[in-house]
$ cat coords-v8.pdb   # PDB, C-alpha atoms
ATOM      1  CA  MET A   6      31.871  -9.358  38.012
ATOM      2  CA  ALA A   7      28.912 -11.740  38.131
ATOM      3  CA  VAL A   8      26.923 -12.524  35.024
ATOM      4  CA  ILE A   9      23.389 -13.871  34.779
ATOM      5  CA  LYS A  10      23.248 -17.393  33.402
ATOM      6  CA  LYS A  11      19.642 -18.246  34.061
ATOM      7  CA  LEU A  12      16.598 -16.128  34.664
ATOM      8  CA  ILE A  13      13.096 -17.241  35.626
ATOM      9  CA  LEU A  14      10.377 -14.703  34.906
ATOM     10  CA  ASP A  15       6.674 -14.569  35.523
ATOM     11  CA  VAL A  16       5.206 -12.716  32.561
ATOM     12  CA  LEU A  17       1.712 -11.495  31.779
ATOM     13  CA  LYS A  18       1.106 -11.433  28.034
ATOM     14  CA  PRO A  19      -1.790 -10.991  25.592
ATOM     15  CA  HIS A  20      -2.890 -14.127  23.689
ATOM     16  CA  ASP A  21      -1.455 -12.570  20.572
ATOM     17  CA  PRO A  22       1.459 -13.138  19.880
ATOM     18  CA  GLU A  23       0.991 -16.807  20.686
ATOM     19  CA  ILE A  24       3.401 -18.515  23.047
ATOM     20  CA  ILE A  25       5.392 -20.121  20.225
ATOM     21  CA  GLU A  26       5.945 -16.817  18.453
ATOM     22  CA  PHE A  27       6.600 -15.107  21.773
ATOM     23  CA  THR A  28       9.216 -17.705  22.712
ATOM     24  CA  LYS A  29      10.917 -17.472  19.321
ATOM     25  CA  GLU A  30      11.072 -13.675  19.539
ATOM     26  CA  MET A  31      12.523 -13.827  23.041
ATOM     27  CA  CYS A  32      15.023 -16.466  22.007
ATOM     28  CA  ALA A  33      16.244 -14.216  19.200
ATOM     29  CA  LEU A  34      17.757 -11.889  21.783
ATOM     30  CA  THR A  35      21.524 -11.810  21.492
ATOM     31  CA  SER A  36      22.178 -12.490  25.168
ATOM     32  CA  VAL A  37      19.780 -15.453  25.296
ATOM     33  CA  ASN A  38      20.961 -18.878  24.147
ATOM     34  CA  SER A  39      17.859 -20.906  24.904
ATOM     35  CA  LEU A  40      14.511 -20.421  26.490
ATOM     36  CA  GLU A  41      11.739 -22.456  28.029
ATOM     37  CA  SER A  42       8.251 -21.130  28.392
ATOM     38  CA  SER A  43       5.082 -22.580  29.829
ATOM     39  CA  VAL A  44       1.586 -21.238  30.241
ATOM     40  CA  GLU A  45       0.623 -21.006  33.882
ATOM     41  CA  GLU A  46      -2.781 -19.399  33.708
ATOM     42  CA  VAL A  47      -5.167 -18.397  30.936
ATOM     43  CA  ASP A  48      -7.603 -15.519  31.217
ATOM     44  CA  LYS A  49     -10.034 -14.144  28.624
ATOM     45  CA  GLU A  50      -7.559 -11.838  26.888
ATOM     46  CA  VAL A  51      -4.299 -12.425  28.695
ATOM     47  CA  GLU A  52      -2.226 -15.304  29.990
ATOM     48  CA  THR A  53       0.478 -15.762  32.550
ATOM     49  CA  VAL A  54       3.569 -17.558  31.335
ATOM     50  CA  GLN A  55       6.712 -18.599  33.074
ATOM     51  CA  ILE A  56       9.804 -18.131  30.987
ATOM     52  CA  VAL A  57      13.184 -19.550  31.814
ATOM     53  CA  LEU A  58      16.030 -17.938  29.930
ATOM     54  CA  PHE A  59      19.492 -19.387  29.585
ATOM     55  CA  GLY A  60      22.542 -17.565  28.354
ATOM     56  CA  GLU A  61      26.185 -16.804  28.986
ATOM     57  CA  ASN A  62      25.521 -13.247  30.043
ATOM     58  CA  ILE A  63      21.819 -12.423  30.018
ATOM     59  CA  GLU A  64      21.119  -8.716  29.700
ATOM     60  CA  TYR A  65      18.097  -8.112  31.876
ATOM     61  CA  GLU A  66      17.420  -4.685  30.363
ATOM     62  CA  GLU A  67      17.373  -6.187  26.868
ATOM     63  CA  VAL A  68      14.940  -8.878  28.056
ATOM     64  CA  LYS A  69      12.694  -6.288  29.715
ATOM     65  CA  LYS A  70      12.651  -4.165  26.564
ATOM     66  CA  LYS A  71      11.731  -7.131  24.354
ATOM     67  CA  VAL A  72       8.988  -8.295  26.709
ATOM     68  CA  ARG A  73       7.522  -4.789  26.618
ATOM     69  CA  GLU A  74       7.819  -4.622  22.832
ATOM     70  CA  LEU A  75       5.785  -7.822  22.591
ATOM     71  CA  GLY A  76       3.054  -6.172  24.628
ATOM     72  CA  ALA A  77       3.772  -8.208  27.751
ATOM     73  CA  SER A  78       4.933  -7.224  31.201
ATOM     74  CA  ILE A  79       7.176  -8.853  33.768
ATOM     75  CA  HIS A  80       5.225  -9.592  36.930
ATOM     76  CA  SER A  81       8.119 -10.882  38.922
ATOM     77  CA  VAL A  82      11.592 -12.280  38.706
ATOM     78  CA  ASP A  83      11.180 -15.694  40.268
ATOM     79  CA  GLY A  84      14.707 -16.985  40.043
ATOM     80  CA  VAL A  85      18.204 -16.042  38.977
ATOM     81  CA  VAL A  86      21.387 -17.986  38.514
ATOM     82  CA  ALA A  87      24.479 -15.839  38.407
ATOM     83  CA  GLU A  88      28.089 -16.808  38.051
ATOM     84  CA  GLU A  89      31.276 -14.989  38.743
ATOM     85  CA  LYS A  90      32.945 -14.090  35.491
ATOM     86  CA  ILE A  91      36.602 -14.969  35.675
ATOM     87  CA  GLU A  92      38.616 -12.319  33.905
ATOM     88  CA  GLU A  93      41.387 -13.836  31.877
ATOM     89  CA  ASP A  94      44.766 -12.389  32.610
ATOM     90  CA  VAL A  95      46.070 -11.324  29.243
ATOM     91  CA  ASN A  96      49.541 -10.618  30.622
ATOM     92  CA  LYS A  97      49.956 -14.209  31.705
TER      93      LYS A  97
ATOM     94  CA  MET B  16       6.723  -7.936   9.298
ATOM     95  CA  PHE B  17       4.754  -8.257   6.059
ATOM     96  CA  GLU B  18       4.655 -12.048   6.446
ATOM     97  CA  LYS B  19       3.248 -11.747   9.943
ATOM     98  CA  LEU B  20       0.652  -9.254   8.802
ATOM     99  CA  LYS B  21      -0.307 -11.468   5.883
ATOM    100  CA  GLU B  22      -0.627 -14.449   8.176
ATOM    101  CA  LYS B  23      -2.742 -12.466  10.578
ATOM    102  CA  LEU B  24      -5.082 -11.132   7.927
ATOM    103  CA  LEU B  25      -5.375 -14.230   5.829
ATOM    104  CA  PHE B  26      -5.233 -16.983   8.382
ATOM    105  CA  ALA B  27      -6.742 -15.484  11.482
ATOM    106  CA  LYS B  28      -6.949 -17.903  14.408
ATOM    107  CA  SER B  29     -10.679 -17.489  14.766
ATOM    108  CA  GLY B  30     -11.057 -18.842  11.243
ATOM    109  CA  GLU B  31     -12.393 -15.476  10.277
ATOM    110  CA  ASN B  32     -10.463 -14.446   7.221
ATOM    111  CA  ILE B  33     -10.555 -10.678   7.230
ATOM    112  CA  ALA B  34      -9.021 -10.100   3.808
ATOM    113  CA  GLN B  35     -11.217 -12.731   2.180
ATOM    114  CA  ARG B  36     -14.349 -11.215   3.663
ATOM    115  CA  TYR B  37     -13.478  -7.722   2.497
ATOM    116  CA  ILE B  38     -12.522  -8.793  -1.020
ATOM    117  CA  VAL B  39     -15.738 -10.736  -1.574
ATOM    118  CA  LEU B  40     -17.991  -8.167   0.076
ATOM    119  CA  ASN B  41     -16.552  -5.227  -1.824
ATOM    120  CA  GLY B  42     -16.096  -7.106  -5.043
ATOM    121  CA  PHE B  43     -19.800  -7.806  -4.874
ATOM    122  CA  ASP B  44     -20.469  -4.089  -4.287
ATOM    123  CA  GLY B  45     -18.309  -3.103  -7.240
ATOM    124  CA  VAL B  46     -19.915  -5.562  -9.650
ATOM    125  CA  LEU B  47     -23.498  -4.728  -8.707
ATOM    126  CA  THR B  48     -22.885  -0.987  -8.840
ATOM    127  CA  ILE B  49     -21.493  -1.199 -12.363
ATOM    128  CA  LEU B  50     -24.285  -3.566 -13.342
ATOM    129  CA  GLY B  51     -26.784  -0.942 -12.170
ATOM    130  CA  ILE B  52     -25.119   1.766 -14.282
ATOM    131  CA  THR B  53     -24.907  -0.559 -17.277
ATOM    132  CA  VAL B  54     -28.575  -1.549 -17.124
ATOM    133  CA  GLY B  55     -29.596   2.079 -16.573
ATOM    134  CA  SER B  56     -27.597   3.233 -19.581
ATOM    135  CA  PHE B  57     -28.800   0.281 -21.650
ATOM    136  CA  SER B  58     -32.466   1.043 -20.954
ATOM    137  CA  THR B  59     -31.964   4.609 -22.184
ATOM    138  CA  GLN B  60     -29.803   3.333 -25.054
ATOM    139  CA  VAL B  61     -26.808   5.553 -24.351
ATOM    140  CA  ASP B  62     -24.677   5.046 -27.469
ATOM    141  CA  ASN B  63     -21.630   7.034 -26.450
ATOM    142  CA  PRO B  64     -19.120   4.791 -24.653
ATOM    143  CA  ALA B  65     -17.405   7.832 -23.101
ATOM    144  CA  VAL B  66     -20.570   8.657 -21.158
ATOM    145  CA  VAL B  67     -20.838   5.167 -19.669
ATOM    146  CA  ILE B  68     -17.073   4.972 -19.048
ATOM    147  CA  SER B  69     -17.025   8.260 -17.180
ATOM    148  CA  ALA B  70     -20.044   7.205 -15.084
ATOM    149  CA  CYS B  71     -18.493   3.810 -14.306
ATOM    150  CA  VAL B  72     -14.975   5.091 -13.634
ATOM    151  CA  GLY B  73     -16.345   7.951 -11.521
ATOM    152  CA  THR B  74     -18.334   5.449  -9.484
ATOM    153  CA  ALA B  75     -15.324   3.130  -9.209
ATOM    154  CA  VAL B  76     -13.173   5.989  -7.916
ATOM    155  CA  GLY B  77     -15.932   6.879  -5.456
ATOM    156  CA  LEU B  78     -16.018   3.269  -4.279
ATOM    157  CA  LEU B  79     -12.232   3.293  -3.965
ATOM    158  CA  ALA B  80     -12.198   6.471  -1.866
ATOM    159  CA  SER B  81     -15.108   5.448   0.316
ATOM    160  CA  GLY B  82     -13.747   1.919   0.671
ATOM    161  CA  ILE B  83     -10.323   3.078   1.809
ATOM    162  CA  SER B  84     -11.423   5.886   4.099
ATOM    163  CA  GLY B  85     -14.453   4.088   5.527
ATOM    164  CA  ALA B  86     -12.581   0.889   6.290
ATOM    165  CA  TYR B  87      -9.591   2.743   7.705
ATOM    166  CA  ILE B  88     -11.691   4.745  10.145
ATOM    167  CA  THR B  89     -13.841   1.747  11.091
ATOM    168  CA  GLU B  90     -10.936  -0.661  11.485
ATOM    169  CA  THR B  91      -8.798   1.821  13.416
ATOM    170  CA  SER B  92     -11.547   2.684  15.871
ATOM    171  CA  GLN B  93     -12.469  -0.955  16.373
ATOM    172  CA  ARG B  94      -8.867  -2.035  16.854
ATOM    173  CA  LEU B  95      -8.164   0.924  19.108
ATOM    174  CA  ARG B  96     -11.039  -0.099  21.324
ATOM    175  CA  GLY B  97      -9.740  -3.671  21.487
ATOM    176  CA  PHE B  98      -6.274  -2.352  22.267
ATOM    177  CA  LYS B  99      -7.598  -0.175  25.085
ATOM    178  CA  GLU B 100      -9.449  -3.129  26.567
ATOM    179  CA  LEU B 101      -6.298  -5.219  26.370
ATOM    180  CA  ARG B 102      -4.269  -2.403  27.900
ATOM    181  CA  ALA B 103      -6.687  -2.249  30.820
ATOM    182  CA  LYS B 104      -6.171  -5.982  31.393
ATOM    183  CA  MET B 105      -2.418  -5.695  31.084
ATOM    184  CA  LEU B 106      -2.257  -2.732  33.491
ATOM    185  CA  THR B 107       0.499  -1.124  31.386
ATOM    186  CA  ASP B 108       0.435   1.597  28.736
ATOM    187  CA  MET B 109       1.776  -0.893  26.105
ATOM    188  CA  LYS B 110       3.465   2.018  24.339
ATOM    189  CA  GLY B 111       5.609   0.936  21.401
ATOM    190  CA  SER B 112       4.304  -2.635  21.598
ATOM    191  CA  VAL B 113       3.568  -4.748  18.516
ATOM    192  CA  GLN B 114      -0.129  -4.580  19.367
ATOM    193  CA  GLU B 115      -0.048  -0.774  19.233
ATOM    194  CA  LYS B 116       1.869  -0.767  15.936
ATOM    195  CA  ASN B 117      -0.511  -3.337  14.464
ATOM    196  CA  ILE B 118      -3.515  -1.034  14.879
ATOM    197  CA  ARG B 119      -2.200   1.193  12.122
ATOM    198  CA  SER B 120      -0.518  -1.348   9.844
ATOM    199  CA  GLU B 121      -3.444  -3.790   9.834
ATOM    200  CA  SER B 122      -5.957  -0.986   9.315
ATOM    201  CA  ILE B 123      -3.965   0.319   6.327
ATOM    202  CA  VAL B 124      -3.791  -3.101   4.656
ATOM    203  CA  ILE B 125      -7.469  -3.825   5.247
ATOM    204  CA  SER B 126      -8.576  -0.405   4.014
ATOM    205  CA  LEU B 127      -6.493  -0.783   0.836
ATOM    206  CA  LEU B 128      -7.966  -4.232   0.218
ATOM    207  CA  ASN B 129     -11.403  -2.857   0.884
ATOM    208  CA  GLY B 130     -11.051   0.048  -1.531
ATOM    209  CA  PHE B 131      -9.160  -1.703  -4.309
ATOM    210  CA  SER B 132     -11.336  -4.816  -4.386
ATOM    211  CA  SER B 133     -14.463  -2.811  -5.187
ATOM    212  CA  PHE B 134     -12.492  -0.599  -7.598
ATOM    213  CA  MET B 135     -10.982  -3.539  -9.490
ATOM    214  CA  PHE B 136     -14.264  -5.411  -9.813
ATOM    215  CA  ALA B 137     -16.005  -2.231 -10.953
ATOM    216  CA  ILE B 138     -13.342  -1.534 -13.587
ATOM    217  CA  LEU B 139     -13.536  -5.126 -14.886
ATOM    218  CA  GLY B 140     -17.234  -4.587 -15.633
ATOM    219  CA  THR B 141     -16.334  -1.407 -17.538
ATOM    220  CA  VAL B 142     -13.778  -3.069 -19.844
ATOM    221  CA  PRO B 143     -16.299  -3.721 -22.715
ATOM    222  CA  PHE B 144     -17.055   0.007 -22.868
ATOM    223  CA  PHE B 145     -13.348   0.748 -23.227
ATOM    224  CA  LEU B 146     -13.315  -1.740 -26.111
ATOM    225  CA  ALA B 147     -16.304   0.067 -27.636
ATOM    226  CA  ALA B 148     -14.500   3.399 -27.246
ATOM    227  CA  LEU B 149     -11.572   1.882 -29.161
ATOM    228  CA  ASP B 150     -14.013   0.727 -31.869
ATOM    229  CA  MET B 151     -13.151  -2.886 -31.172
ATOM    230  CA  ILE B 152     -16.766  -3.845 -30.502
ATOM    231  CA  PRO B 153     -20.016  -1.992 -31.271
ATOM    232  CA  MET B 154     -21.488  -0.026 -28.385
ATOM    233  CA  LEU B 155     -25.093  -1.019 -29.254
ATOM    234  CA  ASN B 156     -25.560  -3.566 -27.990
ATOM    235  CA  ALA B 157     -22.412  -5.720 -27.882
ATOM    236  CA  ALA B 158     -20.653  -3.599 -25.226
ATOM    237  CA  TYR B 159     -23.742  -3.676 -22.990
ATOM    238  CA  TYR B 160     -24.250  -7.421 -23.335
ATOM    239  CA  SER B 161     -20.540  -8.036 -22.813
ATOM    240  CA  SER B 162     -20.494  -5.889 -19.687
ATOM    241  CA  MET B 163     -23.527  -7.727 -18.307
ATOM    242  CA  LEU B 164     -21.857 -11.028 -19.152
ATOM    243  CA  VAL B 165     -18.609  -9.957 -17.443
ATOM    244  CA  SER B 166     -20.619  -8.885 -14.376
ATOM    245  CA  SER B 167     -22.431 -12.228 -14.311
ATOM    246  CA  ILE B 168     -19.151 -14.130 -14.606
ATOM    247  CA  LEU B 169     -17.625 -12.055 -11.795
ATOM    248  CA  LEU B 170     -20.675 -12.680  -9.618
ATOM    249  CA  ALA B 171     -20.473 -16.390 -10.369
ATOM    250  CA  VAL B 172     -16.768 -16.405  -9.472
ATOM    251  CA  LEU B 173     -17.418 -14.589  -6.202
ATOM    252  CA  GLY B 174     -20.336 -16.899  -5.432
ATOM    253  CA  GLY B 175     -18.296 -19.977  -6.283
ATOM    254  CA  TYR B 176     -15.517 -18.740  -4.042
ATOM    255  CA  LEU B 177     -17.988 -18.290  -1.173
ATOM    256  CA  GLY B 178     -19.295 -21.795  -1.831
ATOM    257  CA  LYS B 179     -15.739 -23.095  -1.609
ATOM    258  CA  ILE B 180     -15.179 -21.279   1.689
ATOM    259  CA  ALA B 181     -18.440 -22.655   3.100
ATOM    260  CA  ARG B 182     -17.553 -26.112   1.711
ATOM    261  CA  GLU B 183     -20.927 -26.168   0.056
ATOM    262  CA  SER B 184     -21.937 -26.594  -3.556
ATOM    263  CA  ILE B 185     -19.893 -24.163  -5.671
ATOM    264  CA  PRO B 186     -22.417 -24.065  -8.584
ATOM    265  CA  TYR B 187     -25.273 -23.433  -6.146
ATOM    266  CA  TYR B 188     -23.510 -20.453  -4.556
ATOM    267  CA  ALA B 189     -22.440 -19.161  -7.963
ATOM    268  CA  LEU B 190     -26.036 -19.377  -9.200
ATOM    269  CA  LYS B 191     -27.311 -17.612  -6.082
ATOM    270  CA  MET B 192     -24.958 -14.697  -6.717
ATOM    271  CA  VAL B 193     -25.860 -14.517 -10.388
ATOM    272  CA  LEU B 194     -29.539 -14.442  -9.430
ATOM    273  CA  VAL B 195     -28.858 -11.476  -7.162
ATOM    274  CA  GLY B 196     -27.314  -9.772 -10.193
ATOM    275  CA  VAL B 197     -30.298 -10.660 -12.370
ATOM    276  CA  GLY B 198     -32.622  -9.330  -9.645
ATOM    277  CA  THR B 199     -30.658  -6.078  -9.475
ATOM    278  CA  ALA B 200     -30.734  -5.689 -13.245
ATOM    279  CA  ALA B 201     -34.480  -6.416 -13.369
ATOM    280  CA  LEU B 202     -35.163  -3.934 -10.582
ATOM    281  CA  MET B 203     -33.071  -1.268 -12.286
ATOM    282  CA  TYR B 204     -34.695  -1.909 -15.644
ATOM    283  CA  GLY B 205     -38.187  -1.818 -14.108
ATOM    284  CA  LEU B 206     -37.434   1.431 -12.293
ATOM    285  CA  GLN B 207     -36.152   3.006 -15.491
ATOM    286  CA  LEU B 208     -39.337   2.033 -17.323
ATOM    287  CA  PHE B 209     -41.356   3.524 -14.489
ATOM    288  CA  ILE B 210     -39.341   6.755 -14.351
ATOM    289  CA  LEU B 211     -39.056   7.365 -18.088
TER     290      LEU B 211
END

$ encode --input "coords-v8.pdb" --output "structure tokens"
Amino acid sequence: MAVIKKLILDVLKPHDPEIIEFTKEMCALTSVNSLESSVEEVDKEVETVQIVLFGENIEYEEVKKKVRELGASIHSVDGVVAEEKIEEDVNK
Amino acid sequence: MFEKLKEKLLFAKSGENIAQRYIVLNGFDGVLTILGITVGSFSTQVDNPAVVISACVGTAVGLLASGISGAYITETSQRLRGFKELRAKMLTDMKGSVQEKNIRSESIVISLLNGFSSFMFAILGTVPFFLAALDMIPMLNAAYYSSMLVSSILLAVLGGYLGKIARESIPYYALKMVLVGVGTAALMYGLQLFIL
């Protein structure tokens, strides 16, 4: 079964929480090891940020839920890196 | 969560310190209200501390109730409007989001600050009358003078604090506030002379 290792998202978020707090909150997710975020566009009350998440097995549903909890919304999934998970043979 | 709320209320990005503004504004209300009662009672030479205490405490409780309820309703409606505007921009319902939860939590904290600041400042001005009721100081006229002195000190402290915020002269702001108190007392005293 393939697991998601990297996820690039285009997110629309309010100015509050700020990008640093937003990034920290997202990074606290159990399936995310590290995260990069950058502001793409700033509007009066909202901003578009690109977030790049790295992890061993990123749970997209968990990410979606957290983004929503922070008052933001995912505009699009701009990139995914998945890897086949090699099941270890315990009988070996 | 409390830390975030504290940070938001005390160190707002816009430089507008919500908690600070409410404490000073309502503290000022509390002090001047009690000063008005004190001067009114002094001009009619009320010699029973219980009468002045009940008037002051009743007023302080009124300020507390109006401060909490008024601020809660005002803050909630204002924040709700902001939230709805944000929601329209976000094109989502934002249900369960931190912004939605903050409407209530921030409004509660602000309304409590609003109510208790005026209540506390009002009660501080009443302390000399409690001392008079306990026969620690004479009611005529030590309790009155002490209460007026306490009110003046509180006004000076609030004024000085505003001066510090504005990075202006602290004594000048303190004096300005005390003069407002003196003006209020003079107005109250003059009105009493006119009425009686």

$ closest_residue --input "coords-v8.pdb" --among "A:Glu26, A:Glu50, A:Leu14, A:Glu67" --to "Gly97 (chain B)" --atoms "all atoms listed in the file"
A:Glu50

$ resolve_selection --input "coords-v8.pdb" --expression "the PyMOL selection byres ((chain B) within 8 of (chain A))" --output "number ranges by chain"
B: 101, 104-105, 107, 109, 111-114

$ residues_around --input "coords-v8.pdb" --residues "region 86-88 of chain B" --least-positions-apart "3" --cutoff "7 Å" --atoms "all atoms listed in the file" --output "VMD selection string"
chain B and resid 82 to 83 91 to 92 122 to 123 126 129

$ residues_around --input "coords-v8.pdb" --residues "Leu50 (chain B)" --least-positions-apart "2" --cutoff "9 Å" --atoms "all atoms listed in the file" --output "PyMOL selection string"
chain B and resi 45-48+52-55+137+140+162-163+166-167+196+199-200

$ write_last_selection --input "coords-v8.pdb" --atoms "C-alpha atoms" --output "PDB file, keeping the file's coordinate frame"
ATOM      1  CA  GLY B  45     -18.309  -3.103  -7.240  1.00  0.00           C
ATOM      2  CA  VAL B  46     -19.915  -5.562  -9.650  1.00  0.00           C
ATOM      3  CA  LEU B  47     -23.498  -4.728  -8.707  1.00  0.00           C
ATOM      4  CA  THR B  48     -22.885  -0.987  -8.840  1.00  0.00           C
ATOM      5  CA  ILE B  52     -25.119   1.766 -14.282  1.00  0.00           C
ATOM      6  CA  THR B  53     -24.907  -0.559 -17.277  1.00  0.00           C
ATOM      7  CA  VAL B  54     -28.575  -1.549 -17.124  1.00  0.00           C
ATOM      8  CA  GLY B  55     -29.596   2.079 -16.573  1.00  0.00           C
ATOM      9  CA  ALA B 137     -16.005  -2.231 -10.953  1.00  0.00           C
ATOM     10  CA  GLY B 140     -17.234  -4.587 -15.633  1.00  0.00           C
ATOM     11  CA  SER B 162     -20.494  -5.889 -19.687  1.00  0.00           C
ATOM     12  CA  MET B 163     -23.527  -7.727 -18.307  1.00  0.00           C
ATOM     13  CA  SER B 166     -20.619  -8.885 -14.376  1.00  0.00           C
ATOM     14  CA  SER B 167     -22.431 -12.228 -14.311  1.00  0.00           C
ATOM     15  CA  GLY B 196     -27.314  -9.772 -10.193  1.00  0.00           C
ATOM     16  CA  THR B 199     -30.658  -6.078  -9.475  1.00  0.00           C
ATOM     17  CA  ALA B 200     -30.734  -5.689 -13.245  1.00  0.00           C
TER      18      ALA B 200
END

$ residues_near_point --input "coords-v8.pdb" --point "(15.9, -21.7, 25.9)" --cutoff "12 Å" --atoms "only C-alpha atoms" --output "mmCIF file with C-alpha atoms, in the frame of the given file"
data_model
loop_
_atom_site.group_PDB
_atom_site.id
_atom_site.type_symbol
_atom_site.label_atom_id
_atom_site.label_comp_id
_atom_site.auth_asym_id
_atom_site.auth_seq_id
_atom_site.Cartn_x
_atom_site.Cartn_y
_atom_site.Cartn_z
ATOM 1 C CA LYS A 10 23.248 -17.393 33.402
ATOM 2 C CA LYS A 11 19.642 -18.246 34.061
ATOM 3 C CA LEU A 12 16.598 -16.128 34.664
ATOM 4 C CA ILE A 13 13.096 -17.241 35.626
ATOM 5 C CA THR A 28 9.216 -17.705 22.712
ATOM 6 C CA LYS A 29 10.917 -17.472 19.321
ATOM 7 C CA GLU A 30 11.072 -13.675 19.539
ATOM 8 C CA MET A 31 12.523 -13.827 23.041
ATOM 9 C CA CYS A 32 15.023 -16.466 22.007
ATOM 10 C CA ALA A 33 16.244 -14.216 19.200
ATOM 11 C CA LEU A 34 17.757 -11.889 21.783
ATOM 12 C CA SER A 36 22.178 -12.490 25.168
ATOM 13 C CA VAL A 37 19.780 -15.453 25.296
ATOM 14 C CA ASN A 38 20.961 -18.878 24.147
ATOM 15 C CA SER A 39 17.859 -20.906 24.904
ATOM 16 C CA LEU A 40 14.511 -20.421 26.490
ATOM 17 C CA GLU A 41 11.739 -22.456 28.029
ATOM 18 C CA SER A 42 8.251 -21.130 28.392
ATOM 19 C CA SER A 43 5.082 -22.580 29.829
ATOM 20 C CA ILE A 56 9.804 -18.131 30.987
ATOM 21 C CA VAL A 57 13.184 -19.550 31.814
ATOM 22 C CA LEU A 58 16.030 -17.938 29.930
ATOM 23 C CA PHE A 59 19.492 -19.387 29.585
ATOM 24 C CA GLY A 60 22.542 -17.565 28.354
ATOM 25 C CA GLU A 61 26.185 -16.804 28.986
ATOM 26 C CA ILE A 63 21.819 -12.423 30.018
#

$ residues_around --input "coords-v8.pdb" --residues "Ser133 (chain B)" --least-positions-apart "4" --cutoff "9 Å" --atoms "only C-alpha atoms" --output "list in words"
Ile38, Val39, Leu40, Asn41, Gly42, Phe43, Asp44, Gly45, Val46, Ala75, Leu78, Leu79, Gly82, Leu128, Asn129, Ala137 and Ile138 of chain B

$ atom_distance --input "coords-v8.pdb" --atom1 "CA of Leu106 (chain B)" --atom2 "CA of Arg119 (chain B)"
21.7 Å

$ resolve_selection --input "coords-v8.pdb" --expression "the PyMOL selection byres ((chain B and resi 207) around 12)" --output "PyMOL selection string"
chain B and resi 51-60+200-206+208-211

$ resolve_selection --input "coords-v8.pdb" --expression "the PyMOL selection byres ((chain B and resi 145) around 10)" --output "list of chain:residue names"
B:Pro64, B:Ala65, B:Val67, B:Ile68, B:Ile138, B:Thr141, B:Val142, B:Pro143, B:Phe144, B:Leu146, B:Ala147, B:Ala148, B:Leu149, B:Asp150, B:Met151, B:Ile152, B:Met154, B:Ala158

$ atom_distance --input "coords-v8.pdb" --atom1 "CA of Glu121 (chain B)" --atom2 "CA of Lys179 (chain B)"
25.6 Å

$ build_atoms --input "coords-v8.pdb" --residues "region 13-17 of chain A" --atoms "all heavy atoms" --output "PDB file, in the frame of the given file"
ATOM      1  N   ILE A  13      14.475 -16.725  35.658  1.00  0.00           N
ATOM      2  CA  ILE A  13      13.096 -17.241  35.626  1.00  0.00           C
ATOM      3  C   ILE A  13      12.150 -16.067  35.841  1.00  0.00           C
ATOM      4  O   ILE A  13      12.238 -15.355  36.853  1.00  0.00           O
ATOM      5  CB  ILE A  13      12.861 -18.327  36.719  1.00  0.00           C
ATOM      6  CG1 ILE A  13      13.893 -19.442  36.578  1.00  0.00           C
ATOM      7  CG2 ILE A  13      11.446 -18.889  36.618  1.00  0.00           C
ATOM      8  CD1 ILE A  13      13.910 -20.426  37.734  1.00  0.00           C
ATOM      9  N   LEU A  14      11.286 -15.855  34.841  1.00  0.00           N
ATOM     10  CA  LEU A  14      10.377 -14.703  34.906  1.00  0.00           C
ATOM     11  C   LEU A  14       8.918 -15.125  34.855  1.00  0.00           C
ATOM     12  O   LEU A  14       8.559 -16.084  34.169  1.00  0.00           O
ATOM     13  CB  LEU A  14      10.635 -13.756  33.723  1.00  0.00           C
ATOM     14  CG  LEU A  14      12.034 -13.195  33.528  1.00  0.00           C
ATOM     15  CD1 LEU A  14      12.095 -12.409  32.229  1.00  0.00           C
ATOM     16  CD2 LEU A  14      12.433 -12.300  34.687  1.00  0.00           C
ATOM     17  N   ASP A  15       8.116 -14.377  35.569  1.00  0.00           N
ATOM     18  CA  ASP A  15       6.674 -14.569  35.523  1.00  0.00           C
ATOM     19  C   ASP A  15       6.145 -13.409  34.676  1.00  0.00           C
ATOM     20  O   ASP A  15       6.314 -12.248  35.051  1.00  0.00           O
ATOM     21  CB  ASP A  15       6.129 -14.510  36.952  1.00  0.00           C
ATOM     22  CG  ASP A  15       4.661 -14.841  37.007  1.00  0.00           C
ATOM     23  OD1 ASP A  15       4.275 -15.898  36.497  1.00  0.00           O
ATOM     24  OD2 ASP A  15       3.882 -14.021  37.540  1.00  0.00           O
ATOM     25  N   VAL A  16       5.592 -13.755  33.522  1.00  0.00           N
ATOM     26  CA  VAL A  16       5.206 -12.716  32.561  1.00  0.00           C
ATOM     27  C   VAL A  16       3.710 -12.764  32.252  1.00  0.00           C
ATOM     28  O   VAL A  16       3.142 -13.845  32.076  1.00  0.00           O
ATOM     29  CB  VAL A  16       6.027 -12.909  31.248  1.00  0.00           C
ATOM     30  CG1 VAL A  16       5.525 -12.017  30.135  1.00  0.00           C
ATOM     31  CG2 VAL A  16       7.499 -12.662  31.494  1.00  0.00           C
ATOM     32  N   LEU A  17       3.116 -11.595  32.191  1.00  0.00           N
ATOM     33  CA  LEU A  17       1.712 -11.495  31.779  1.00  0.00           C
ATOM     34  C   LEU A  17       1.720 -11.029  30.332  1.00  0.00           C
ATOM     35  O   LEU A  17       2.327 -10.012  30.007  1.00  0.00           O
ATOM     36  CB  LEU A  17       0.962 -10.484  32.654  1.00  0.00           C
ATOM     37  CG  LEU A  17      -0.520 -10.300  32.341  1.00  0.00           C
ATOM     38  CD1 LEU A  17      -1.311 -11.518  32.803  1.00  0.00           C
ATOM     39  CD2 LEU A  17      -1.079  -9.051  33.009  1.00  0.00           C
TER      40      LEU A  17
END
